[in-house]
>>> print(open('entry37.txt').read())   # compact mmCIF, N, CA and C atoms
# COMPACT_ATOMS: atom_id res chain seq x y z
N MET S 144 -13.88 -22.90 -35.53
CA MET S 144 -13.27 -22.06 -34.53
C MET S 144 -12.74 -22.95 -33.40
N PRO S 145 -11.46 -22.74 -32.99
CA PRO S 145 -10.91 -23.58 -31.92
C PRO S 145 -11.62 -23.32 -30.60
N LYS S 146 -11.83 -24.38 -29.89
CA LYS S 146 -12.49 -24.28 -28.59
C LYS S 146 -11.45 -23.86 -27.53
N THR S 147 -11.81 -22.90 -26.69
CA THR S 147 -10.91 -22.45 -25.63
C THR S 147 -10.87 -23.51 -24.53
N PRO S 148 -9.67 -23.95 -24.16
CA PRO S 148 -9.59 -24.97 -23.11
C PRO S 148 -10.04 -24.38 -21.77
N PRO S 149 -10.65 -25.21 -20.92
CA PRO S 149 -11.06 -24.71 -19.61
C PRO S 149 -9.82 -24.32 -18.80
N GLN S 150 -9.94 -23.26 -18.04
CA GLN S 150 -8.82 -22.78 -17.23
C GLN S 150 -8.74 -23.58 -15.93
N CYS S 151 -7.53 -23.94 -15.57
CA CYS S 151 -7.30 -24.62 -14.30
C CYS S 151 -7.76 -23.68 -13.18
N PRO S 152 -8.54 -24.17 -12.22
CA PRO S 152 -9.03 -23.28 -11.16
C PRO S 152 -7.92 -22.68 -10.30
N MET S 153 -6.75 -23.29 -10.28
CA MET S 153 -5.64 -22.77 -9.48
C MET S 153 -4.80 -21.76 -10.23
N ASP S 154 -4.99 -21.65 -11.54
CA ASP S 154 -4.14 -20.80 -12.36
C ASP S 154 -4.14 -19.35 -11.88
N SER S 155 -5.30 -18.79 -11.62
CA SER S 155 -5.38 -17.38 -11.22
C SER S 155 -4.67 -17.12 -9.90
N ILE S 156 -4.85 -17.98 -8.94
CA ILE S 156 -4.21 -17.75 -7.63
C ILE S 156 -2.70 -17.94 -7.74
N LEU S 157 -2.26 -18.90 -8.55
CA LEU S 157 -0.82 -19.10 -8.73
C LEU S 157 -0.20 -17.91 -9.46
N ARG S 158 -0.90 -17.36 -10.43
CA ARG S 158 -0.40 -16.16 -11.12
C ARG S 158 -0.29 -14.99 -10.14
N LEU S 159 -1.24 -14.86 -9.25
CA LEU S 159 -1.20 -13.81 -8.24
C LEU S 159 0.01 -13.99 -7.32
N LEU S 160 0.26 -15.20 -6.88
CA LEU S 160 1.32 -15.47 -5.92
C LEU S 160 2.71 -15.47 -6.53
N MET S 161 2.83 -15.73 -7.83
CA MET S 161 4.16 -15.87 -8.39
C MET S 161 4.80 -14.55 -8.78
N GLY S 162 4.14 -13.43 -8.55
CA GLY S 162 4.76 -12.15 -8.82
C GLY S 162 5.99 -11.97 -7.93
N PRO S 163 6.91 -11.12 -8.36
CA PRO S 163 8.14 -10.94 -7.58
C PRO S 163 7.85 -10.48 -6.16
N TRP S 164 8.44 -11.11 -5.20
CA TRP S 164 8.38 -10.79 -3.78
C TRP S 164 7.04 -11.11 -3.11
N THR S 165 6.04 -11.51 -3.86
CA THR S 165 4.69 -11.64 -3.32
C THR S 165 4.61 -12.62 -2.16
N THR S 166 5.11 -13.84 -2.35
CA THR S 166 5.02 -14.83 -1.27
C THR S 166 5.87 -14.41 -0.07
N TYR S 167 6.98 -13.75 -0.32
CA TYR S 167 7.84 -13.30 0.77
C TYR S 167 7.09 -12.27 1.63
N ILE S 168 6.41 -11.33 0.99
CA ILE S 168 5.64 -10.31 1.72
C ILE S 168 4.54 -10.98 2.54
N ILE S 169 3.82 -11.91 1.94
CA ILE S 169 2.76 -12.62 2.66
C ILE S 169 3.36 -13.39 3.84
N TRP S 170 4.51 -14.02 3.62
CA TRP S 170 5.16 -14.78 4.68
C TRP S 170 5.55 -13.87 5.85
N VAL S 171 6.11 -12.70 5.55
CA VAL S 171 6.50 -11.76 6.62
C VAL S 171 5.27 -11.33 7.42
N LEU S 172 4.19 -10.97 6.73
CA LEU S 172 2.98 -10.54 7.43
C LEU S 172 2.36 -11.69 8.22
N SER S 173 2.50 -12.91 7.72
CA SER S 173 1.98 -14.06 8.43
C SER S 173 2.83 -14.36 9.67
N ASP S 174 4.13 -14.22 9.52
CA ASP S 174 5.07 -14.54 10.60
C ASP S 174 5.11 -13.46 11.68
N LYS S 175 5.12 -12.19 11.25
CA LYS S 175 5.32 -11.09 12.20
C LYS S 175 4.05 -10.32 12.54
N GLY S 176 2.97 -10.60 11.83
CA GLY S 176 1.74 -9.86 12.07
C GLY S 176 1.76 -8.52 11.35
N PRO S 177 0.78 -7.66 11.63
CA PRO S 177 0.70 -6.37 10.94
C PRO S 177 2.00 -5.59 11.08
N GLN S 178 2.38 -4.92 9.98
CA GLN S 178 3.64 -4.20 9.92
C GLN S 178 3.43 -2.82 9.31
N ARG S 179 4.14 -1.84 9.85
CA ARG S 179 4.19 -0.53 9.20
C ARG S 179 5.05 -0.67 7.95
N PHE S 180 4.87 0.23 7.00
CA PHE S 180 5.55 0.14 5.71
C PHE S 180 7.07 0.03 5.87
N GLY S 181 7.67 0.89 6.67
CA GLY S 181 9.13 0.88 6.84
C GLY S 181 9.63 -0.41 7.45
N ALA S 182 8.92 -0.92 8.45
CA ALA S 182 9.32 -2.19 9.07
C ALA S 182 9.20 -3.33 8.07
N LEU S 183 8.15 -3.30 7.27
CA LEU S 183 7.97 -4.33 6.25
C LEU S 183 9.08 -4.27 5.22
N ARG S 184 9.46 -3.07 4.79
CA ARG S 184 10.55 -2.91 3.83
C ARG S 184 11.85 -3.47 4.40
N ARG S 185 12.12 -3.22 5.66
CA ARG S 185 13.34 -3.75 6.29
C ARG S 185 13.29 -5.27 6.45
N SER S 186 12.08 -5.83 6.55
CA SER S 186 11.92 -7.27 6.71
C SER S 186 12.04 -8.03 5.39
N VAL S 187 12.04 -7.31 4.28
CA VAL S 187 12.17 -7.92 2.95
C VAL S 187 13.43 -7.35 2.32
N PRO S 188 14.59 -7.86 2.71
CA PRO S 188 15.85 -7.28 2.24
C PRO S 188 15.98 -7.37 0.72
N GLY S 189 16.41 -6.25 0.13
CA GLY S 189 16.63 -6.22 -1.31
C GLY S 189 15.48 -5.67 -2.12
N ILE S 190 14.31 -5.51 -1.52
CA ILE S 190 13.16 -5.00 -2.26
C ILE S 190 13.22 -3.48 -2.32
N SER S 191 12.89 -2.91 -3.46
CA SER S 191 12.86 -1.46 -3.57
C SER S 191 11.53 -0.94 -3.04
N THR S 192 11.52 0.33 -2.67
CA THR S 192 10.29 0.95 -2.19
C THR S 192 9.21 0.87 -3.27
N ARG S 193 9.59 1.11 -4.51
CA ARG S 193 8.64 1.06 -5.62
C ARG S 193 8.03 -0.33 -5.77
N MET S 194 8.86 -1.36 -5.73
CA MET S 194 8.37 -2.74 -5.90
C MET S 194 7.48 -3.13 -4.72
N LEU S 195 7.88 -2.77 -3.50
CA LEU S 195 7.06 -3.09 -2.33
C LEU S 195 5.70 -2.41 -2.45
N THR S 196 5.69 -1.15 -2.84
CA THR S 196 4.43 -0.43 -3.01
C THR S 196 3.55 -1.11 -4.06
N GLU S 197 4.15 -1.50 -5.18
CA GLU S 197 3.41 -2.16 -6.26
C GLU S 197 2.81 -3.49 -5.78
N ARG S 198 3.61 -4.29 -5.10
CA ARG S 198 3.13 -5.60 -4.61
C ARG S 198 2.03 -5.41 -3.56
N LEU S 199 2.21 -4.45 -2.65
CA LEU S 199 1.20 -4.21 -1.62
C LEU S 199 -0.12 -3.76 -2.23
N ARG S 200 -0.06 -2.90 -3.22
CA ARG S 200 -1.29 -2.44 -3.90
C ARG S 200 -1.99 -3.61 -4.58
N MET S 201 -1.21 -4.47 -5.24
CA MET S 201 -1.78 -5.61 -5.92
C MET S 201 -2.44 -6.57 -4.92
N LEU S 202 -1.76 -6.85 -3.81
CA LEU S 202 -2.31 -7.74 -2.79
C LEU S 202 -3.53 -7.13 -2.11
N GLU S 203 -3.51 -5.82 -1.89
CA GLU S 203 -4.68 -5.16 -1.32
C GLU S 203 -5.86 -5.23 -2.29
N GLY S 204 -5.59 -5.00 -3.57
CA GLY S 204 -6.64 -5.08 -4.58
C GLY S 204 -7.25 -6.46 -4.69
N ALA S 205 -6.45 -7.49 -4.41
CA ALA S 205 -6.94 -8.88 -4.45
C ALA S 205 -7.60 -9.29 -3.14
N GLY S 206 -7.57 -8.39 -2.15
CA GLY S 206 -8.19 -8.70 -0.87
C GLY S 206 -7.38 -9.62 0.02
N VAL S 207 -6.07 -9.72 -0.25
CA VAL S 207 -5.19 -10.60 0.52
C VAL S 207 -4.65 -9.89 1.75
N ILE S 208 -4.46 -8.58 1.63
CA ILE S 208 -3.98 -7.78 2.77
C ILE S 208 -4.90 -6.58 2.96
N TRP S 209 -4.83 -6.00 4.16
CA TRP S 209 -5.54 -4.75 4.44
C TRP S 209 -4.51 -3.66 4.65
N ARG S 210 -4.95 -2.43 4.46
CA ARG S 210 -4.10 -1.25 4.62
C ARG S 210 -4.84 -0.27 5.51
N GLU S 211 -4.13 0.23 6.52
CA GLU S 211 -4.72 1.22 7.43
C GLU S 211 -3.77 2.41 7.50
N GLN S 212 -4.30 3.58 7.25
CA GLN S 212 -3.48 4.79 7.29
C GLN S 212 -3.95 5.70 8.40
N ALA S 213 -3.06 5.98 9.34
CA ALA S 213 -3.36 6.91 10.42
C ALA S 213 -3.13 8.33 9.92
N GLU S 214 -4.01 9.22 10.27
CA GLU S 214 -3.91 10.61 9.83
C GLU S 214 -2.91 11.36 10.70
N THR S 215 -1.66 11.02 10.54
CA THR S 215 -0.57 11.67 11.26
C THR S 215 0.39 12.27 10.24
N ILE S 216 1.32 13.06 10.70
CA ILE S 216 2.36 13.61 9.83
C ILE S 216 3.69 13.12 10.35
N PRO S 217 4.45 12.32 9.59
CA PRO S 217 4.06 11.69 8.33
C PRO S 217 3.00 10.61 8.56
N PRO S 218 2.28 10.23 7.50
CA PRO S 218 1.24 9.21 7.66
C PRO S 218 1.83 7.88 8.13
N ALA S 219 1.16 7.25 9.06
CA ALA S 219 1.57 5.92 9.53
C ALA S 219 0.69 4.89 8.83
N VAL S 220 1.29 4.12 7.92
CA VAL S 220 0.54 3.14 7.14
C VAL S 220 0.92 1.75 7.62
N THR S 221 -0.08 0.96 7.98
CA THR S 221 0.12 -0.40 8.48
C THR S 221 -0.57 -1.38 7.55
N TYR S 222 0.07 -2.53 7.35
CA TYR S 222 -0.47 -3.60 6.50
C TYR S 222 -0.58 -4.88 7.30
N GLY S 223 -1.57 -5.68 6.99
CA GLY S 223 -1.75 -6.99 7.63
C GLY S 223 -2.54 -7.91 6.72
N LEU S 224 -2.63 -9.16 7.10
CA LEU S 224 -3.36 -10.14 6.31
C LEU S 224 -4.85 -10.08 6.59
N THR S 225 -5.65 -10.17 5.55
CA THR S 225 -7.09 -10.29 5.69
C THR S 225 -7.40 -11.77 5.92
N GLN S 226 -8.67 -12.11 6.05
CA GLN S 226 -9.05 -13.52 6.16
C GLN S 226 -8.59 -14.28 4.92
N ARG S 227 -8.72 -13.64 3.76
CA ARG S 227 -8.28 -14.27 2.51
C ARG S 227 -6.77 -14.55 2.57
N GLY S 228 -6.01 -13.60 3.08
CA GLY S 228 -4.57 -13.80 3.21
C GLY S 228 -4.26 -14.88 4.23
N ASP S 229 -5.03 -14.90 5.31
CA ASP S 229 -4.84 -15.92 6.33
C ASP S 229 -5.16 -17.32 5.79
N ASP S 230 -6.11 -17.38 4.84
CA ASP S 230 -6.44 -18.66 4.20
C ASP S 230 -5.23 -19.27 3.51
N LEU S 231 -4.31 -18.43 3.06
CA LEU S 231 -3.12 -18.91 2.34
C LEU S 231 -2.06 -19.47 3.28
N ARG S 232 -2.15 -19.15 4.56
CA ARG S 232 -1.10 -19.51 5.52
C ARG S 232 -0.76 -20.99 5.51
N SER S 233 -1.75 -21.87 5.64
CA SER S 233 -1.46 -23.31 5.70
C SER S 233 -0.94 -23.82 4.37
N VAL S 234 -1.45 -23.27 3.27
CA VAL S 234 -0.98 -23.69 1.95
C VAL S 234 0.48 -23.29 1.76
N LEU S 235 0.81 -22.04 2.12
CA LEU S 235 2.19 -21.59 1.98
C LEU S 235 3.12 -22.32 2.96
N ASP S 236 2.63 -22.64 4.16
CA ASP S 236 3.43 -23.43 5.10
C ASP S 236 3.75 -24.80 4.50
N SER S 237 2.76 -25.42 3.87
CA SER S 237 2.97 -26.73 3.24
C SER S 237 3.95 -26.61 2.08
N LEU S 238 3.81 -25.58 1.26
CA LEU S 238 4.75 -25.37 0.16
C LEU S 238 6.16 -25.14 0.70
N GLY S 239 6.26 -24.41 1.81
CA GLY S 239 7.56 -24.17 2.43
C GLY S 239 8.22 -25.47 2.89
N GLU S 240 7.43 -26.36 3.47
CA GLU S 240 7.97 -27.66 3.89
C GLU S 240 8.45 -28.47 2.70
N ILE S 241 7.68 -28.46 1.63
CA ILE S 241 8.09 -29.16 0.41
C ILE S 241 9.36 -28.54 -0.16
N ALA S 242 9.41 -27.20 -0.18
CA ALA S 242 10.59 -26.50 -0.70
C ALA S 242 11.84 -26.85 0.12
N ASP S 243 11.71 -26.89 1.45
CA ASP S 243 12.85 -27.26 2.30
C ASP S 243 13.33 -28.68 1.99
N ARG S 244 12.37 -29.59 1.83
CA ARG S 244 12.73 -30.98 1.53
C ARG S 244 13.39 -31.08 0.16
N TRP S 245 12.82 -30.44 -0.83
CA TRP S 245 13.39 -30.48 -2.18
C TRP S 245 14.77 -29.81 -2.22
N LYS S 246 14.93 -28.72 -1.47
CA LYS S 246 16.23 -28.05 -1.42
C LYS S 246 17.28 -28.99 -0.84
N ALA S 247 16.92 -29.69 0.24
CA ALA S 247 17.85 -30.66 0.85
C ALA S 247 18.20 -31.78 -0.13
N GLU S 248 17.28 -32.09 -1.03
CA GLU S 248 17.53 -33.13 -2.04
C GLU S 248 18.28 -32.60 -3.25
N GLY S 249 18.54 -31.30 -3.28
CA GLY S 249 19.30 -30.70 -4.38
C GLY S 249 18.48 -30.43 -5.64
N VAL S 250 17.17 -30.45 -5.53
CA VAL S 250 16.31 -30.26 -6.70
C VAL S 250 16.54 -28.90 -7.36
N PHE S 251 16.80 -27.87 -6.58
CA PHE S 251 16.88 -26.52 -7.12
C PHE S 251 18.25 -26.16 -7.67
N GLU S 252 19.25 -26.98 -7.41
CA GLU S 252 20.60 -26.67 -7.88
C GLU S 252 20.63 -26.67 -9.40
N GLY S 253 20.80 -25.48 -9.96
CA GLY S 253 20.87 -25.34 -11.41
C GLY S 253 19.52 -25.39 -12.11
N ALA S 254 18.44 -25.66 -11.38
CA ALA S 254 17.13 -25.78 -12.03
C ALA S 254 16.72 -24.48 -12.70
N MET S 255 16.97 -23.35 -12.05
CA MET S 255 16.58 -22.07 -12.64
C MET S 255 17.39 -21.78 -13.89
N ASP S 256 18.63 -22.27 -13.95
CA ASP S 256 19.46 -22.06 -15.14
C ASP S 256 18.90 -22.82 -16.34
N ARG S 257 18.18 -23.90 -16.09
CA ARG S 257 17.64 -24.71 -17.18
C ARG S 257 16.26 -24.25 -17.64
N MET S 258 15.63 -23.33 -16.89
CA MET S 258 14.30 -22.85 -17.26
C MET S 258 14.42 -21.84 -18.38
N PRO S 259 13.59 -21.95 -19.41
CA PRO S 259 13.64 -20.97 -20.50
C PRO S 259 13.10 -19.63 -20.02
N LEU S 260 13.96 -18.63 -19.94
CA LEU S 260 13.57 -17.31 -19.48
C LEU S 260 13.81 -16.28 -20.56
N LYS S 261 13.03 -15.24 -20.56
CA LYS S 261 13.23 -14.12 -21.46
C LYS S 261 12.93 -12.85 -20.68
N MET S 262 13.25 -11.72 -21.24
CA MET S 262 12.94 -10.45 -20.62
C MET S 262 11.62 -9.95 -21.18
N ASP S 263 10.73 -9.47 -20.30
CA ASP S 263 9.49 -8.89 -20.80
C ASP S 263 9.74 -7.41 -21.10
N LYS S 264 8.71 -6.70 -21.53
CA LYS S 264 8.86 -5.30 -21.94
C LYS S 264 9.35 -4.40 -20.82
N SER S 265 9.09 -4.76 -19.57
CA SER S 265 9.52 -3.92 -18.46
C SER S 265 10.92 -4.28 -17.98
N GLY S 266 11.56 -5.26 -18.64
CA GLY S 266 12.92 -5.65 -18.26
C GLY S 266 12.97 -6.72 -17.19
N LYS S 267 11.81 -7.28 -16.81
CA LYS S 267 11.76 -8.34 -15.81
C LYS S 267 11.92 -9.68 -16.48
N ARG S 268 12.51 -10.62 -15.78
CA ARG S 268 12.64 -11.97 -16.32
C ARG S 268 11.28 -12.66 -16.28
N ALA S 269 10.95 -13.37 -17.33
CA ALA S 269 9.67 -14.06 -17.41
C ALA S 269 9.87 -15.41 -18.07
N LEU S 270 9.04 -16.37 -17.72
CA LEU S 270 9.10 -17.67 -18.38
C LEU S 270 8.76 -17.49 -19.84
N SER S 271 9.55 -18.14 -20.68
CA SER S 271 9.30 -18.07 -22.11
C SER S 271 8.20 -19.04 -22.49
N ALA S 272 7.42 -18.67 -23.46
CA ALA S 272 6.35 -19.55 -23.93
C ALA S 272 6.91 -20.66 -24.82
N SER S 273 8.09 -20.46 -25.37
CA SER S 273 8.67 -21.49 -26.22
C SER S 273 9.85 -22.14 -25.53
N PRO S 274 10.10 -23.42 -25.78
CA PRO S 274 11.18 -24.11 -25.09
C PRO S 274 12.56 -23.60 -25.45
N ASP S 275 12.70 -22.88 -26.56
CA ASP S 275 14.03 -22.39 -26.94
C ASP S 275 14.31 -20.99 -26.43
N GLY S 276 13.37 -20.43 -25.63
CA GLY S 276 13.58 -19.15 -24.97
C GLY S 276 13.34 -18.01 -25.88
>>> encode(input="entry37.txt", output="structure tokens")
Amino acid sequence: MPKTPPQCPMDSILRLLMGPWTTYIIWVLSDKGPQRFGALRRSVPGISTRMLTERLRMLEGAGVIWREQAETIPPAVTYGLTQRGDDLRSVLDSLGEIADRWKAEGVFEGAMDRMPLKMDKSGKRALSASPDG
């Protein structure tokens, strides 16, 4: 029986962060502080209400953000970073600095075009497991 290789300890957190819009949402909450749902949606241009709701639920479930709902009509829902989310701030700031430097060096020009991508069952683009896509 083949032995299962040990999982990289960073794999789970990277999988969590690489979902669509995830790092952008964390960045907005880190930069602007707690946000009501509508303000957060306006701060992430191009995101659909459905996708924002999905990402927020996933981040809340992972303990990265908190959600507070005021019992008003309509409900006022506010989101912010938990301590766990705040722990990511310096890491994401460092990644942002690296990304800016690499962008200035032209690393990303055409790089995404060379990555093997396929569509998953939900119609989202996903990295292919095989090099031929």
>>> residues_around(input="entry37.txt", residues="region 219-232 of chain S", least_positions_apart="4", cutoff="8 Å", atoms="only C-alpha atoms", output="number ranges by chain")
S: 169-170, 172-173, 176-180, 206-215, 236
>>> select_by_dssp(input="entry37.txt", residues="region 164-213 of chain S", states="strand (DSSP E or B)", output="PyMOL selection string")
chain S and resi 178-179+208-213
>>> atom_distance(input="entry37.txt", atom1="atom C of Pro188 (chain S)", atom2="CA of Trp164 (chain S)")
9.5 Å
>>> atom_distance(input="entry37.txt", atom1="CA of Met153 (chain S)", atom2="CA of Trp245 (chain S)")
21.8 Å
>>> select_by_dssp(input="entry37.txt", residues="region 168-209 of chain S", states="alpha helix (DSSP H)", output="list in words")
Ile168, Ile169, Trp170, Val171, Leu172, Ser173, Asp174, Lys175, Phe180, Gly181, Ala182, Leu183, Arg184, Arg185, Ser186, Thr192, Arg193, Met194, Leu195, Thr196, Glu197, Arg198, Leu199, Arg200, Met201, Leu202, Glu203 and Gly204 of chain S
>>> atom_distance(input="entry37.txt", atom1="CA of Asp243 (chain S)", atom2="CA of Cys151 (chain S)")
26.2 Å
>>> closest_residue(input="entry37.txt", among="S:Glu203, S:Glu240, S:Asp174, S:Glu248", to="Ser186 (chain S)", atoms="only C-alpha atoms")
S:Asp174
>>> build_atoms(input="entry37.txt", residues="region 225-244 of chain S", atoms="N, CA, C and O atoms", output="PDB file, keeping the file's coordinate frame")
ATOM      1  N   THR S 225      -5.650 -10.170   5.550  1.00  0.00           N
ATOM      2  CA  THR S 225      -7.090 -10.290   5.690  1.00  0.00           C
ATOM      3  C   THR S 225      -7.400 -11.770   5.920  1.00  0.00           C
ATOM      4  O   THR S 225      -6.489 -12.623   5.945  1.00  0.00           O
ATOM      5  N   GLN S 226      -8.670 -12.110   6.050  1.00  0.00           N
ATOM      6  CA  GLN S 226      -9.050 -13.520   6.160  1.00  0.00           C
ATOM      7  C   GLN S 226      -8.590 -14.280   4.920  1.00  0.00           C
ATOM      8  O   GLN S 226      -8.112 -15.400   5.020  1.00  0.00           O
ATOM      9  N   ARG S 227      -8.720 -13.640   3.760  1.00  0.00           N
ATOM     10  CA  ARG S 227      -8.280 -14.270   2.510  1.00  0.00           C
ATOM     11  C   ARG S 227      -6.770 -14.550   2.570  1.00  0.00           C
ATOM     12  O   ARG S 227      -6.314 -15.609   2.161  1.00  0.00           O
ATOM     13  N   GLY S 228      -6.010 -13.600   3.080  1.00  0.00           N
ATOM     14  CA  GLY S 228      -4.570 -13.800   3.210  1.00  0.00           C
ATOM     15  C   GLY S 228      -4.260 -14.880   4.230  1.00  0.00           C
ATOM     16  O   GLY S 228      -3.345 -15.690   4.047  1.00  0.00           O
ATOM     17  N   ASP S 229      -5.030 -14.900   5.310  1.00  0.00           N
ATOM     18  CA  ASP S 229      -4.840 -15.920   6.330  1.00  0.00           C
ATOM     19  C   ASP S 229      -5.160 -17.320   5.790  1.00  0.00           C
ATOM     20  O   ASP S 229      -4.554 -18.302   6.206  1.00  0.00           O
ATOM     21  N   ASP S 230      -6.110 -17.380   4.840  1.00  0.00           N
ATOM     22  CA  ASP S 230      -6.440 -18.660   4.200  1.00  0.00           C
ATOM     23  C   ASP S 230      -5.230 -19.270   3.510  1.00  0.00           C
ATOM     24  O   ASP S 230      -5.124 -20.496   3.385  1.00  0.00           O
ATOM     25  N   LEU S 231      -4.310 -18.430   3.060  1.00  0.00           N
ATOM     26  CA  LEU S 231      -3.120 -18.910   2.340  1.00  0.00           C
ATOM     27  C   LEU S 231      -2.060 -19.470   3.280  1.00  0.00           C
ATOM     28  O   LEU S 231      -1.156 -20.165   2.844  1.00  0.00           O
ATOM     29  N   ARG S 232      -2.150 -19.150   4.560  1.00  0.00           N
ATOM     30  CA  ARG S 232      -1.100 -19.510   5.520  1.00  0.00           C
ATOM     31  C   ARG S 232      -0.760 -20.990   5.510  1.00  0.00           C
ATOM     32  O   ARG S 232       0.396 -21.377   5.350  1.00  0.00           O
ATOM     33  N   SER S 233      -1.750 -21.870   5.640  1.00  0.00           N
ATOM     34  CA  SER S 233      -1.460 -23.310   5.700  1.00  0.00           C
ATOM     35  C   SER S 233      -0.940 -23.820   4.370  1.00  0.00           C
ATOM     36  O   SER S 233      -0.063 -24.690   4.322  1.00  0.00           O
ATOM     37  N   VAL S 234      -1.450 -23.270   3.270  1.00  0.00           N
ATOM     38  CA  VAL S 234      -0.980 -23.690   1.950  1.00  0.00           C
ATOM     39  C   VAL S 234       0.480 -23.290   1.760  1.00  0.00           C
ATOM     40  O   VAL S 234       1.300 -24.097   1.314  1.00  0.00           O
ATOM     41  N   LEU S 235       0.810 -22.040   2.120  1.00  0.00           N
ATOM     42  CA  LEU S 235       2.190 -21.590   1.980  1.00  0.00           C
ATOM     43  C   LEU S 235       3.120 -22.320   2.960  1.00  0.00           C
ATOM     44  O   LEU S 235       4.277 -22.599   2.617  1.00  0.00           O
ATOM     45  N   ASP S 236       2.630 -22.640   4.160  1.00  0.00           N
ATOM     46  CA  ASP S 236       3.430 -23.430   5.100  1.00  0.00           C
ATOM     47  C   ASP S 236       3.750 -24.800   4.500  1.00  0.00           C
ATOM     48  O   ASP S 236       4.878 -25.278   4.584  1.00  0.00           O
ATOM     49  N   SER S 237       2.760 -25.420   3.870  1.00  0.00           N
ATOM     50  CA  SER S 237       2.970 -26.730   3.240  1.00  0.00           C
ATOM     51  C   SER S 237       3.950 -26.610   2.080  1.00  0.00           C
ATOM     52  O   SER S 237       4.852 -27.459   1.935  1.00  0.00           O
ATOM     53  N   LEU S 238       3.810 -25.580   1.260  1.00  0.00           N
ATOM     54  CA  LEU S 238       4.750 -25.370   0.160  1.00  0.00           C
ATOM     55  C   LEU S 238       6.160 -25.140   0.700  1.00  0.00           C
ATOM     56  O   LEU S 238       7.143 -25.599   0.112  1.00  0.00           O
ATOM     57  N   GLY S 239       6.260 -24.410   1.810  1.00  0.00           N
ATOM     58  CA  GLY S 239       7.560 -24.170   2.430  1.00  0.00           C
ATOM     59  C   GLY S 239       8.220 -25.470   2.890  1.00  0.00           C
ATOM     60  O   GLY S 239       9.424 -25.659   2.721  1.00  0.00           O
ATOM     61  N   GLU S 240       7.430 -26.360   3.470  1.00  0.00           N
ATOM     62  CA  GLU S 240       7.970 -27.660   3.890  1.00  0.00           C
ATOM     63  C   GLU S 240       8.450 -28.470   2.700  1.00  0.00           C
ATOM     64  O   GLU S 240       9.517 -29.087   2.740  1.00  0.00           O
ATOM     65  N   ILE S 241       7.680 -28.460   1.630  1.00  0.00           N
ATOM     66  CA  ILE S 241       8.090 -29.160   0.410  1.00  0.00           C
ATOM     67  C   ILE S 241       9.360 -28.540  -0.160  1.00  0.00           C
ATOM     68  O   ILE S 241      10.303 -29.243  -0.540  1.00  0.00           O
ATOM     69  N   ALA S 242       9.410 -27.200  -0.180  1.00  0.00           N
ATOM     70  CA  ALA S 242      10.590 -26.500  -0.700  1.00  0.00           C
ATOM     71  C   ALA S 242      11.840 -26.850   0.120  1.00  0.00           C
ATOM     72  O   ALA S 242      12.917 -27.086  -0.450  1.00  0.00           O
ATOM     73  N   ASP S 243      11.710 -26.890   1.450  1.00  0.00           N
ATOM     74  CA  ASP S 243      12.850 -27.260   2.300  1.00  0.00           C
ATOM     75  C   ASP S 243      13.330 -28.680   1.990  1.00  0.00           C
ATOM     76  O   ASP S 243      14.534 -28.932   1.889  1.00  0.00           O
ATOM     77  N   ARG S 244      12.370 -29.590   1.830  1.00  0.00           N
ATOM     78  CA  ARG S 244      12.730 -30.980   1.530  1.00  0.00           C
ATOM     79  C   ARG S 244      13.390 -31.080   0.160  1.00  0.00           C
ATOM     80  O   ARG S 244      14.428 -31.720   0.008  1.00  0.00           O
TER      81      ARG S 244
END
